[in-house]
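Visitor: This is input19.cif (mmCIF, C-alpha atoms and all ligand atoms).
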data_target
#
loop_
_atom_site.label_atom_id
_atom_site.label_comp_id
_atom_site.auth_asym_id
_atom_site.auth_seq_id
_atom_site.Cartn_x
_atom_site.Cartn_y
_atom_site.Cartn_z
CA MET A 1 100.52 118.70 67.20
CA PRO A 2 97.34 116.66 67.63
CA ALA A 3 94.53 118.03 69.79
CA GLY A 4 91.92 116.45 72.02
CA ASN A 5 92.17 112.83 73.12
CA ALA A 6 94.90 112.12 70.58
CA ALA A 7 97.25 114.66 72.20
CA ILE A 8 96.93 112.98 75.59
CA GLU A 9 97.34 109.51 74.14
CA GLU A 10 100.39 110.52 72.17
CA ARG A 11 102.15 111.91 75.23
CA TYR A 12 101.14 108.88 77.28
CA GLU A 13 102.81 106.81 74.59
CA GLN A 14 105.93 108.91 74.70
CA TYR A 15 106.37 109.73 78.38
CA LEU A 16 104.49 107.26 80.56
CA MET A 17 105.53 103.68 81.12
CA PRO A 18 103.55 101.44 78.81
CA ILE A 19 101.01 100.07 81.27
CA TRP A 20 97.31 99.66 80.45
CA LYS A 21 97.95 101.37 77.15
CA SER A 22 94.56 100.39 75.82
CA LEU A 23 92.73 102.18 78.57
CA ASN A 24 90.27 103.90 77.43
CA VAL A 25 88.50 107.17 78.03
CA PRO A 26 90.77 110.19 78.57
CA ILE A 27 89.25 112.39 81.23
CA LYS A 28 89.02 116.17 81.07
CA ARG A 29 86.21 116.78 83.54
CA ALA A 30 83.88 114.69 85.64
CA GLU A 31 80.74 115.35 87.62
CA GLY A 32 78.46 112.96 89.49
CA CYS A 33 78.26 109.84 87.33
CA THR A 34 79.52 111.51 84.16
CA VAL A 35 82.99 111.71 82.63
CA GLU A 36 83.89 114.00 79.75
CA ASP A 37 86.86 113.46 77.41
CA PHE A 38 88.97 115.96 75.45
CA ASP A 39 86.94 115.48 72.28
CA GLY A 40 83.76 116.66 74.00
CA ASN A 41 82.21 113.18 74.43
CA GLU A 42 80.28 112.43 77.59
CA TYR A 43 80.20 109.02 79.21
CA LEU A 44 78.10 107.48 81.92
CA ASP A 45 80.64 106.13 84.39
CA VAL A 46 79.70 102.72 85.76
CA PHE A 47 83.16 101.93 87.13
CA SER A 48 84.15 104.96 89.30
CA GLY A 49 87.84 104.84 88.33
CA ILE A 50 87.98 101.28 89.70
CA SER A 51 85.51 101.71 92.51
CA VAL A 52 86.86 104.95 93.97
CA THR A 53 84.51 107.90 93.43
CA ASN A 54 81.76 106.39 95.57
CA ALA A 55 80.28 109.76 96.53
CA GLY A 56 80.17 110.86 92.88
CA HIS A 57 82.81 112.69 90.86
CA ARG A 58 83.62 116.08 92.34
CA ASN A 59 81.11 115.65 95.11
CA GLU A 60 80.50 119.21 96.26
CA ALA A 61 80.87 118.62 99.99
CA VAL A 62 84.09 116.67 99.46
CA VAL A 63 85.54 119.37 97.18
CA GLU A 64 84.64 122.06 99.74
CA ALA A 65 86.24 120.15 102.61
CA ALA A 66 89.44 119.62 100.60
CA LYS A 67 89.56 123.30 99.56
CA ASP A 68 89.08 124.48 103.14
CA GLN A 69 91.97 122.31 104.27
CA LEU A 70 94.17 123.49 101.37
CA ASP A 71 93.75 126.99 102.77
CA GLU A 72 95.02 125.88 106.20
CA PHE A 73 98.03 123.67 105.43
CA ILE A 74 98.76 120.88 102.95
CA HIS A 75 101.34 118.73 104.64
CA GLY A 76 102.38 118.19 108.20
CA CYS A 77 103.49 114.55 108.23
CA THR A 78 100.80 112.91 110.33
CA TYR A 79 103.29 111.32 112.71
CA LEU A 80 105.58 114.33 113.10
CA HIS A 81 102.98 117.11 113.35
CA PRO A 82 99.76 115.64 114.77
CA HIS A 83 96.86 117.35 113.00
CA GLN A 84 93.13 117.69 113.36
CA PRO A 85 91.97 116.11 110.08
CA ALA A 86 93.77 112.86 110.99
CA ALA A 87 92.49 112.94 114.58
CA ASP A 88 88.92 113.65 113.43
CA LEU A 89 88.98 110.97 110.76
CA ALA A 90 90.51 108.31 113.02
CA GLU A 91 87.85 109.02 115.64
CA LYS A 92 85.16 108.77 112.96
CA LEU A 93 86.57 105.47 111.72
CA ALA A 94 86.42 104.04 115.24
CA GLU A 95 82.72 104.92 115.17
CA VAL A 96 81.83 103.59 111.70
CA THR A 97 84.07 100.51 111.37
CA PRO A 98 82.68 97.15 112.54
CA GLY A 99 82.59 96.06 116.20
CA ASP A 100 85.40 97.24 118.42
CA LEU A 101 87.87 98.24 115.72
CA GLN A 102 89.37 101.39 117.13
CA LYS A 103 92.85 102.51 116.13
CA THR A 104 93.92 103.44 112.61
CA PHE A 105 97.18 103.86 110.77
CA PHE A 106 97.02 106.13 107.72
CA ALA A 107 98.87 105.34 104.49
CA ASN A 108 98.34 106.48 100.90
CA SER A 109 97.01 103.49 98.98
CA GLY A 110 95.47 100.06 99.18
CA THR A 111 98.65 98.09 98.80
CA GLU A 112 100.30 100.04 101.63
CA ALA A 113 97.29 99.47 103.85
CA VAL A 114 97.49 95.73 103.17
CA GLU A 115 101.22 95.49 103.82
CA GLY A 116 100.90 97.54 107.01
CA ALA A 117 98.14 95.23 108.18
CA VAL A 118 100.37 92.19 107.64
CA LYS A 119 103.23 93.86 109.53
CA LEU A 120 100.90 94.59 112.43
CA ALA A 121 99.60 91.00 112.45
CA ARG A 122 103.18 89.73 112.56
CA LYS A 123 104.12 92.11 115.34
CA TYR A 124 101.05 91.22 117.42
CA THR A 125 101.20 87.45 116.99
CA GLY A 126 104.97 87.09 116.84
CA SER A 127 104.34 84.74 113.91
CA LYS A 128 105.26 85.08 110.26
CA GLU A 129 103.13 83.09 107.86
CA VAL A 130 100.10 84.31 105.97
CA VAL A 131 97.40 82.46 104.05
CA ALA A 132 95.58 84.25 101.22
CA LEU A 133 93.04 83.17 98.61
CA GLU A 134 93.76 81.86 95.15
CA MET A 135 92.44 84.39 92.59
CA SER A 136 92.67 87.19 95.16
CA PHE A 137 94.04 90.68 94.59
CA HIS A 138 95.72 92.77 97.28
CA GLY A 139 97.98 95.12 95.33
CA ARG A 140 101.11 95.21 93.25
CA THR A 141 103.99 96.15 95.53
CA LEU A 142 106.08 93.09 96.32
CA GLY A 143 104.53 92.26 99.69
CA SER A 144 100.93 92.55 98.50
CA LEU A 145 101.82 90.82 95.26
CA SER A 146 102.91 87.80 97.24
CA LEU A 147 99.40 87.65 98.76
CA THR A 148 97.71 88.18 95.41
CA GLY A 149 96.63 84.79 94.11
CA ASN A 150 97.06 85.41 90.41
CA LYS A 151 100.13 84.43 88.46
CA ALA A 152 99.30 86.93 85.72
CA TYR A 153 100.29 89.81 88.01
CA LYS A 154 103.50 88.15 89.15
CA ASP A 155 105.09 86.92 85.93
CA GLU A 156 108.71 88.03 85.77
CA MET A 157 108.36 90.03 89.02
CA ALA A 158 109.26 87.14 91.34
CA PRO A 159 110.54 86.33 93.86
CA THR A 160 107.94 87.73 96.21
CA LEU A 161 107.63 86.77 99.91
CA ASN A 162 107.74 83.01 100.26
CA ASP A 163 105.96 82.59 103.57
CA VAL A 164 102.50 82.89 101.98
CA ALA A 165 100.23 79.94 101.21
CA HIS A 166 97.04 80.07 99.17
CA VAL A 167 93.68 78.40 99.62
CA ALA A 168 90.78 77.94 97.18
CA PRO A 169 88.43 80.93 96.85
CA PRO A 170 84.67 80.75 97.52
CA TYR A 171 83.91 80.81 93.79
CA SER A 172 80.69 78.78 93.82
CA TYR A 173 80.05 79.14 90.10
CA ARG A 174 83.37 77.53 89.21
CA CYS A 175 83.88 75.33 92.25
CA PRO A 176 84.92 71.75 91.41
CA ARG A 177 83.40 70.52 94.69
CA CYS A 178 79.93 71.91 94.23
CA ASP A 179 78.01 74.34 92.09
CA GLY A 180 76.26 77.51 93.14
CA ASP A 181 73.04 75.60 93.87
CA SER A 182 74.53 72.93 96.10
CA CYS A 183 77.17 75.09 97.77
CA THR A 184 77.70 74.33 101.45
CA ALA A 185 80.64 76.71 101.93
CA ASP A 186 82.74 73.60 102.54
CA CYS A 187 85.70 75.28 100.78
CA ALA A 188 86.22 77.23 104.02
CA ASN A 189 87.30 73.96 105.63
CA GLN A 190 90.11 73.71 103.11
CA LEU A 191 91.82 76.46 105.07
CA GLU A 192 92.47 74.00 107.87
CA ARG A 193 94.18 71.59 105.48
CA ILE A 194 96.25 74.36 103.88
CA ILE A 195 97.46 75.63 107.25
CA GLU A 196 98.37 72.09 108.24
CA THR A 197 100.06 71.13 104.96
CA HIS A 198 101.43 74.35 103.47
CA THR A 199 102.66 76.25 106.53
CA SER A 200 104.91 75.38 109.43
CA GLY A 201 102.09 76.36 111.77
CA ASP A 202 103.58 79.79 112.47
CA LEU A 203 100.41 81.58 111.36
CA ALA A 204 100.25 85.37 111.67
CA ALA A 205 97.18 86.02 109.54
CA VAL A 206 94.68 84.93 106.97
CA ILE A 207 93.77 87.69 104.53
CA VAL A 208 90.60 87.70 102.44
CA GLU A 209 88.54 90.07 100.38
CA PRO A 210 84.95 89.80 101.67
CA ILE A 211 83.87 90.05 98.02
CA MET A 212 86.64 89.40 95.52
CA GLY A 213 86.72 92.42 93.22
CA GLU A 214 89.52 91.86 90.71
CA GLY A 215 88.78 88.12 90.84
CA GLY A 216 85.38 88.83 89.26
CA ILE A 217 82.93 90.07 91.94
CA ILE A 218 82.94 86.74 93.77
CA VAL A 219 80.51 86.75 96.69
CA PRO A 220 81.16 84.04 99.29
CA PRO A 221 78.34 81.71 100.31
CA GLU A 222 76.63 82.03 103.66
CA GLY A 223 78.77 80.92 106.56
CA TRP A 224 82.07 81.01 104.63
CA LEU A 225 83.64 84.12 106.19
CA GLU A 226 82.53 83.10 109.67
CA ARG A 227 84.17 79.66 109.26
CA ILE A 228 87.35 81.25 107.87
CA GLN A 229 87.61 83.44 110.96
CA GLU A 230 86.97 80.49 113.26
CA ILE A 231 89.74 78.39 111.69
CA THR A 232 92.12 81.36 111.63
CA HIS A 233 91.64 82.01 115.34
CA GLU A 234 91.91 78.31 116.21
CA HIS A 235 95.37 78.40 114.62
CA GLY A 236 96.45 81.54 116.45
CA GLY A 237 96.24 83.93 113.48
CA LEU A 238 94.40 87.19 112.89
CA LEU A 239 91.80 87.68 110.20
CA ILE A 240 92.63 90.59 107.90
CA VAL A 241 89.55 91.55 105.90
CA ASP A 242 90.71 93.63 102.94
CA GLU A 243 87.93 96.20 102.43
CA VAL A 244 89.96 98.29 99.98
CA GLN A 245 87.49 97.70 97.18
CA THR A 246 84.36 96.72 99.11
CA GLY A 247 84.35 99.45 101.76
CA TYR A 248 82.78 102.88 101.90
CA GLY A 249 79.24 101.97 100.99
CA ARG A 250 80.02 100.01 97.85
CA THR A 251 77.98 96.93 98.79
CA GLY A 252 74.97 98.74 100.26
CA GLU A 253 76.44 98.67 103.78
CA MET A 254 79.35 100.78 104.92
CA TRP A 255 81.51 97.62 104.84
CA ALA A 256 81.06 94.29 103.11
CA SER A 257 81.91 92.76 106.51
CA ASP A 258 78.59 94.17 107.75
CA HIS A 259 76.79 91.57 105.61
CA PHE A 260 78.41 88.78 107.61
CA ASP A 261 78.65 87.80 111.25
CA VAL A 262 82.31 88.73 111.44
CA VAL A 263 84.33 91.56 112.92
CA PRO A 264 87.74 91.68 111.20
CA ASP A 265 90.82 91.75 113.42
CA ILE A 266 92.48 94.23 111.07
CA MET A 267 90.74 96.01 108.21
CA PRO A 268 92.68 97.67 105.34
CA GLN A 269 90.81 100.38 103.42
CA ALA A 270 91.56 102.74 100.52
CA LYS A 271 89.89 103.48 97.17
CA GLY A 272 86.54 105.07 98.19
CA ILE A 273 87.86 106.43 101.47
CA ALA A 274 88.44 110.02 100.25
CA ASN A 275 86.44 109.88 97.01
CA GLY A 276 89.53 110.08 94.83
CA LEU A 277 92.15 111.79 96.95
CA PRO A 278 94.96 109.35 97.71
CA LEU A 279 94.56 107.81 101.14
CA GLY A 280 94.81 104.35 102.64
CA ALA A 281 94.23 103.10 106.16
CA PHE A 282 94.09 100.05 108.33
CA THR A 283 92.07 99.85 111.49
CA ALA A 284 92.46 97.32 114.29
CA ARG A 285 91.20 96.51 117.75
CA GLU A 286 93.03 98.52 120.39
CA GLU A 287 94.86 95.55 121.84
CA ILE A 288 96.18 94.56 118.41
CA ALA A 289 96.99 98.13 117.33
CA ASN A 290 98.99 98.70 120.51
CA ALA A 291 101.46 96.01 119.42
CA PHE A 292 103.04 98.68 117.19
CA GLU A 293 105.66 100.67 119.02
CA SER A 294 107.12 103.99 118.04
CA GLY A 295 109.17 103.57 114.88
CA ASP A 296 107.62 100.26 113.83
CA HIS A 297 105.83 101.83 110.89
CA LEU A 298 105.69 105.24 109.22
CA SER A 299 104.67 107.06 106.08
CA THR A 300 105.74 110.53 104.99
CA PHE A 301 102.54 111.35 103.13
CA GLY A 302 100.18 108.91 104.85
CA GLY A 303 97.15 110.63 106.36
CA ASN A 304 97.60 113.76 104.29
CA PRO A 305 95.37 116.43 105.88
CA VAL A 306 93.61 117.36 102.63
CA ALA A 307 92.81 113.71 101.97
CA CYS A 308 91.67 113.20 105.58
CA ALA A 309 89.36 116.22 105.37
CA ALA A 310 87.94 114.87 102.11
CA ALA A 311 87.44 111.47 103.75
CA GLN A 312 85.46 112.98 106.62
CA ALA A 313 83.16 114.68 104.12
CA THR A 314 82.92 111.48 102.05
CA ILE A 315 81.78 109.44 105.05
CA LYS A 316 79.12 112.03 105.86
CA GLU A 317 77.83 111.95 102.27
CA LEU A 318 77.73 108.16 102.38
CA GLN A 319 75.85 108.15 105.67
CA ASP A 320 73.43 110.85 104.48
CA GLY A 321 71.86 108.67 101.79
CA LEU A 322 74.41 107.21 99.40
CA VAL A 323 74.82 103.88 101.19
CA ALA A 324 71.03 103.59 101.22
CA ASN A 325 70.93 104.37 97.49
CA ALA A 326 73.57 101.70 96.84
CA ARG A 327 71.42 99.20 98.74
CA GLU A 328 68.22 100.15 96.94
CA GLN A 329 69.59 100.44 93.41
CA GLY A 330 71.80 97.42 93.96
CA ALA A 331 68.82 95.24 94.90
CA TRP A 332 67.02 96.35 91.76
CA LEU A 333 70.13 95.85 89.62
CA GLY A 334 70.70 92.34 91.01
CA ASP A 335 67.16 91.33 89.95
CA ARG A 336 67.59 92.94 86.55
CA LEU A 337 70.87 91.09 85.99
CA ALA A 338 69.27 87.81 87.05
CA ASP A 339 66.79 88.37 84.19
CA LEU A 340 69.76 88.77 81.88
CA GLU A 341 71.16 85.45 83.09
CA ALA A 342 67.83 83.77 82.38
CA ALA A 343 67.56 85.31 78.91
CA TYR A 344 71.07 84.84 77.49
CA GLU A 345 72.98 81.57 77.36
CA VAL A 346 76.24 83.52 77.21
CA VAL A 347 75.50 85.05 80.62
CA GLY A 348 76.76 82.24 82.84
CA ASP A 349 76.35 83.89 86.20
CA THR A 350 75.37 87.20 87.75
CA ARG A 351 76.20 88.07 91.33
CA GLY A 352 77.01 90.86 93.73
CA LEU A 353 75.92 92.98 96.65
CA GLY A 354 74.78 96.58 96.47
CA LEU A 355 76.50 98.46 93.67
CA MET A 356 79.21 95.84 93.26
CA GLN A 357 77.72 93.47 90.71
CA GLY A 358 79.25 91.21 88.08
CA VAL A 359 78.05 89.58 84.87
CA GLU A 360 80.14 86.54 83.94
CA LEU A 361 80.17 85.87 80.20
CA VAL A 362 80.76 82.36 78.89
CA ASP A 363 80.98 80.27 75.76
CA PRO A 364 78.22 77.68 76.24
CA SER A 365 79.70 75.42 73.57
CA GLU A 366 82.79 74.69 75.65
CA THR A 367 83.42 73.48 79.18
CA GLY A 368 85.43 75.61 81.58
CA PRO A 369 88.49 74.86 83.75
CA MET A 370 88.28 71.63 85.78
CA ASP A 371 85.19 70.69 83.76
CA VAL A 372 83.04 73.05 85.77
CA ALA A 373 80.57 75.46 84.15
CA PRO A 374 80.85 76.74 80.57
CA ALA A 375 84.19 78.18 79.44
CA PRO A 376 84.91 81.84 80.31
CA ASP A 377 84.61 84.07 77.24
CA ALA A 378 87.08 86.93 77.69
CA LYS A 379 86.86 87.96 74.04
CA LEU A 380 83.12 88.43 74.25
CA ALA A 381 83.52 90.47 77.46
CA LYS A 382 86.07 92.69 75.74
CA ARG A 383 83.82 93.22 72.74
CA VAL A 384 80.84 94.07 74.96
CA GLY A 385 82.99 96.47 76.99
CA ASN A 386 84.16 98.18 73.80
CA GLN A 387 80.62 98.38 72.49
CA LEU A 388 79.47 100.00 75.72
CA ARG A 389 82.24 102.55 75.46
CA GLU A 390 81.21 103.37 71.92
CA ASP A 391 77.68 103.84 73.23
CA GLY A 392 78.94 106.25 75.89
CA ILE A 393 79.27 104.01 78.94
CA VAL A 394 82.46 103.25 80.87
CA MET A 395 82.14 99.71 82.21
CA GLY A 396 84.74 97.60 84.02
CA VAL A 397 85.77 94.35 82.38
CA GLY A 398 87.85 91.99 84.50
CA GLY A 399 87.84 88.91 86.70
CA PHE A 400 90.39 86.11 87.02
CA TYR A 401 89.42 84.95 83.52
CA SER A 402 88.87 88.52 82.18
CA ASN A 403 85.27 87.62 81.33
CA VAL A 404 83.27 89.59 83.91
CA LEU A 405 81.46 92.88 83.30
CA ARG A 406 81.83 94.88 86.49
CA PHE A 407 79.18 97.31 87.71
CA GLN A 408 80.83 99.54 90.33
CA PRO A 409 79.33 102.95 89.62
CA PRO A 410 79.38 106.08 91.78
CA LEU A 411 76.77 105.43 94.47
CA PRO A 412 74.47 108.38 93.51
CA ILE A 413 73.65 106.57 90.27
CA SER A 414 69.97 106.59 89.33
CA ARG A 415 67.64 103.77 88.27
CA GLU A 416 67.44 105.31 84.79
CA GLN A 417 71.21 105.33 84.40
CA LEU A 418 71.44 101.70 85.48
CA GLU A 419 68.57 100.74 83.18
CA ARG A 420 70.33 102.48 80.29
CA THR A 421 73.46 100.45 81.04
CA VAL A 422 71.65 97.11 81.20
CA THR A 423 69.70 97.85 78.01
CA THR A 424 72.96 98.71 76.25
CA ILE A 425 74.45 95.40 77.40
CA GLU A 426 71.35 93.61 76.06
CA ASP A 427 71.77 95.37 72.71
CA ALA A 428 75.43 94.36 72.58
CA LEU A 429 74.61 90.74 73.49
CA ASP A 430 71.83 90.66 70.89
CA ARG A 431 74.29 91.80 68.27
CA GLU A 432 76.88 89.26 69.40
CA THR A 433 74.60 86.25 69.62
CA ARG A 434 72.33 86.95 66.68
N1 LIG A 501 93.20 95.33 97.88
C1 LIG A 501 92.15 95.18 97.06
C2 LIG A 501 91.03 94.29 97.48
C3 LIG A 501 92.10 95.84 95.83
O1 LIG A 501 91.06 95.67 95.02
C4 LIG A 501 93.18 96.68 95.49
C5 LIG A 501 93.18 97.40 94.20
O2 LIG A 501 92.44 97.11 93.29
C6 LIG A 501 94.26 96.81 96.37
C7 LIG A 501 94.23 96.13 97.57
C8 LIG A 501 95.44 97.69 96.03
O3 LIG A 501 95.04 99.03 96.09
P1 LIG A 501 95.95 100.18 95.44
O4 LIG A 501 95.82 100.05 93.96
O5 LIG A 501 95.39 101.45 96.00
O6 LIG A 501 97.35 99.92 95.90
#
Please express the file's structure as structure tokens.
Guide:
Amino acid sequence: MPAGNAAIEERYEQYLMPIWKSLNVPIKRAEGCTVEDFDGNEYLDVFSGISVTNAGHRNEAVVEAAKDQLDEFIHGCTYLHPHQPAADLAEKLAEVTPGDLQKTFFANSGTEAVEGAVKLARKYTGSKEVVALEMSFHGRTLGSLSLTGNKAYKDEMAPTLNDVAHVAPPYSYRCPRCDGDSCTADCANQLERIIETHTSGDLAAVIVEPIMGEGGIIVPPEGWLERIQEITHEHGGLLIVDEVQTGYGRTGEMWASDHFDVVPDIMPQAKGIANGLPLGAFTAREEIANAFESGDHLSTFGGNPVACAAAQATIKELQDGLVANAREQGAWLGDRLADLEAAYEVVGDTRGLGLMQGVELVDPSETGPMDVAPAPDAKLAKRVGNQLREDGIVMGVGGFYSNVLRFQPPLPISREQLERTVTTIEDALDRETR
């Protein structure tokens, strides 16, 4: 019988469905920004279990809050036995979410939050169709998968919902209409054309990620989100801003929406909400939320009291300094990554907000899709990611073309830890390009 990491990997092989087999660092313990495996290796975590442990692994206040609730009761079904953790958290969300968003439905995950949001938009508007972005990601259950603008996730899983149309994403670096320097956010106007040509006009919602996470940390240009909302409303739809990955302090504000002049009509959340306990939510303006009638939607586990208690503590931790740290360290990191872009030809683009930053790696000897920008270099990104892991750093590697290094660390991360990560990337790039 093997011990250590090998024992876990062997049983994964034998008893878990073969998904993401290559991933990566088995986890025995974690604390703050550090993950430890079963062989006694320690890693600096720059990916937070895909942008989840925003308040730091095993954040003390969050652990305490969860333990206290475990001692009271573990399950009550939020909609059968109304409980205080759900009431407290929903009230808190009304306070911290943008504008006049007020009423929340609690689910367990991001994909459920997204699908619930679409149901609510349909119920409120009485319309059916949805427009989403090409290259977007909204989850993997069939409804969310139909919104997700990436064929790679859908292969052999079709058919998904067919009343979804897709519009070009605000990917300035690889935009065939402009490049990052001349971007006018004109792609937002494409939404009008897509609604008029690809739908029957029965628009319930447009759904966007305010920064596209799985797509490769794609930050929209100024004015884009505002124009998207304007067009959506002109066509009678609601704007669903999917903050599953961008919310809870990740971008240096509580919500990515806070960087723009937009209040979402419905806002799905998950991931960082309870710092690792499973919870999802969507919050809407009262008038929209009240379109749901008793029985329209339900979840057995949604709004679990332990997760809600953890979420309350998470929000407090974020407000007590972690969002500010994300803003401060993120600004420094953005500058540091811009230096990387200037120094290495294989770094095509660097972009992000707060502690959600991406480094897009390219092959400068070849031209990319649609003859725009150098070709994405997924192999290089994979090699750099592996090198980082060998050097004790867990880094995300992803993006639509699988060529983006993703910085999404726990928000308490220090300058020194970020500097160590960037220096290790430089070492890896030096080795690769020498
Ligand atoms: N929406 C966005 C923007 C996401 O990034 C994700 C997951 O990565 C989801 C929805 C789906 O979340 P979950 O994996 O919790 O279902």
Visitor: Which residue out of A:Gln417, A:Ser51, A:Asn162, A:Ser182 has the minimum interatomic distance to ligand LIG 501 (chain A) when only C-alpha atoms and all ligand atoms are used?
Guide: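 Using only C-alpha atoms and all ligand atoms, ligand LIG 501 (chain A) sits closest to A:Ser51.
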Visitor: Under the rule of at most 10 Å, produce a per-residue listing of chain A near ligand LIG 501 (chain A): chain, number, name, the closest pair of atoms, and the distance in Å, as a tab-separated table, using all atoms listed in the file.
Guide:
residue	atom	partner	partner_atom	distance
A:Ile50	CA	A:LIG501	O2	7.1
A:Ser51	CA	A:LIG501	O2	8.4
A:Val52	CA	A:LIG501	O5	9.4
A:Ala107	CA	A:LIG501	O5	10.0
A:Asn108	CA	A:LIG501	O5	7.6
A:Ser109	CA	A:LIG501	O5	4.0
A:Gly110	CA	A:LIG501	O3	3.3
A:Thr111	CA	A:LIG501	O6	3.7
A:Glu112	CA	A:LIG501	O6	6.4
A:Ala113	CA	A:LIG501	C7	7.7
A:Val114	CA	A:LIG501	C7	6.5
A:Glu115	CA	A:LIG501	C7	9.4
A:Ser136	CA	A:LIG501	C2	7.6
A:Phe137	CA	A:LIG501	C1	5.5
A:His138	CA	A:LIG501	N1	3.6
A:Gly139	CA	A:LIG501	C8	3.7
A:Arg140	CA	A:LIG501	O6	6.6
A:Thr141	CA	A:LIG501	O6	7.6
A:Ser144	CA	A:LIG501	C7	7.7
A:Leu145	CA	A:LIG501	C8	9.4
A:Leu147	CA	A:LIG501	N1	9.9
A:Thr148	CA	A:LIG501	N1	8.8
A:Val208	CA	A:LIG501	C2	8.3
A:Glu209	CA	A:LIG501	C2	5.7
A:Pro210	CA	A:LIG501	C2	8.6
A:Ile211	CA	A:LIG501	C2	8.3
A:Met212	CA	A:LIG501	C2	6.9
A:Gly213	CA	A:LIG501	O1	5.7
A:Glu214	CA	A:LIG501	O1	6.0
A:Gly215	CA	A:LIG501	O1	8.9
A:Val241	CA	A:LIG501	C2	9.0
A:Asp242	CA	A:LIG501	C2	5.5
A:Glu243	CA	A:LIG501	C2	6.1
A:Val244	CA	A:LIG501	C1	4.8
A:Gln245	CA	A:LIG501	O1	4.6
A:Thr246	CA	A:LIG501	C2	7.3
A:Gly247	CA	A:LIG501	C2	9.5
A:Pro268	CA	A:LIG501	N1	7.8
A:Gln269	CA	A:LIG501	N1	7.9
A:Ala270	CA	A:LIG501	O5	6.1
A:Lys271	CA	A:LIG501	O5	6.0
A:Gly272	CA	A:LIG501	O5	9.8
A:Pro278	CA	A:LIG501	O5	8.1
A:Leu279	CA	A:LIG501	O5	8.2
A:Gly280	CA	A:LIG501	O5	7.3
Visitor: Kindly give the distance, in Å, that separates CA of Leu142 in chain A and CA of Pro169 in chain A, rounded to a single decimal.
Guide: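 Those two atoms sit 21.4 Å apart.
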Visitor: Can you pull out the residues contacting Ile393 in chain A? Cut-off 12 Å, using all atoms listed in the file, and skip same-chain residues under 5 positions away; I want them as an mmCIF file with C-alpha atoms, in the frame of the given file.
Guide:
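Output file out-v5.cif follows:
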data_model
loop_
_atom_site.group_PDB
_atom_site.id
_atom_site.type_symbol
_atom_site.label_atom_id
_atom_site.label_comp_id
_atom_site.auth_asym_id
_atom_site.auth_seq_id
_atom_site.Cartn_x
_atom_site.Cartn_y
_atom_site.Cartn_z
ATOM 1 C CA ASN A 24 90.270 103.900 77.430
ATOM 2 C CA VAL A 25 88.500 107.170 78.030
ATOM 3 C CA CYS A 33 78.260 109.840 87.330
ATOM 4 C CA THR A 34 79.520 111.510 84.160
ATOM 5 C CA VAL A 35 82.990 111.710 82.630
ATOM 6 C CA GLU A 36 83.890 114.000 79.750
ATOM 7 C CA ASN A 41 82.210 113.180 74.430
ATOM 8 C CA GLU A 42 80.280 112.430 77.590
ATOM 9 C CA TYR A 43 80.200 109.020 79.210
ATOM 10 C CA LEU A 44 78.100 107.480 81.920
ATOM 11 C CA ASP A 45 80.640 106.130 84.390
ATOM 12 C CA VAL A 46 79.700 102.720 85.760
ATOM 13 C CA PHE A 47 83.160 101.930 87.130
ATOM 14 C CA SER A 48 84.150 104.960 89.300
ATOM 15 C CA VAL A 384 80.840 94.070 74.960
ATOM 16 C CA GLY A 385 82.990 96.470 76.990
ATOM 17 C CA ASN A 386 84.160 98.180 73.800
ATOM 18 C CA GLN A 387 80.620 98.380 72.490
ATOM 19 C CA LEU A 388 79.470 100.000 75.720
ATOM 20 C CA PHE A 407 79.180 97.310 87.710
ATOM 21 C CA PRO A 409 79.330 102.950 89.620
ATOM 22 C CA GLN A 417 71.210 105.330 84.400
ATOM 23 C CA LEU A 418 71.440 101.700 85.480
ATOM 24 C CA GLU A 419 68.570 100.740 83.180
ATOM 25 C CA ARG A 420 70.330 102.480 80.290
ATOM 26 C CA THR A 421 73.460 100.450 81.040
ATOM 27 C CA VAL A 422 71.650 97.110 81.200
ATOM 28 C CA THR A 423 69.700 97.850 78.010
ATOM 29 C CA THR A 424 72.960 98.710 76.250
ATOM 30 C CA ILE A 425 74.450 95.400 77.400
#
Visitor: Name the residues in contact with Ala338 in chain A at a cut-off of 12 Å, using only C-alpha atoms, excluding same-chain residues fewer than 4 positions from it; report them as a PyMOL selection string.
Guide: chain A and resi 331-334+342-344+347-352+357-360+422
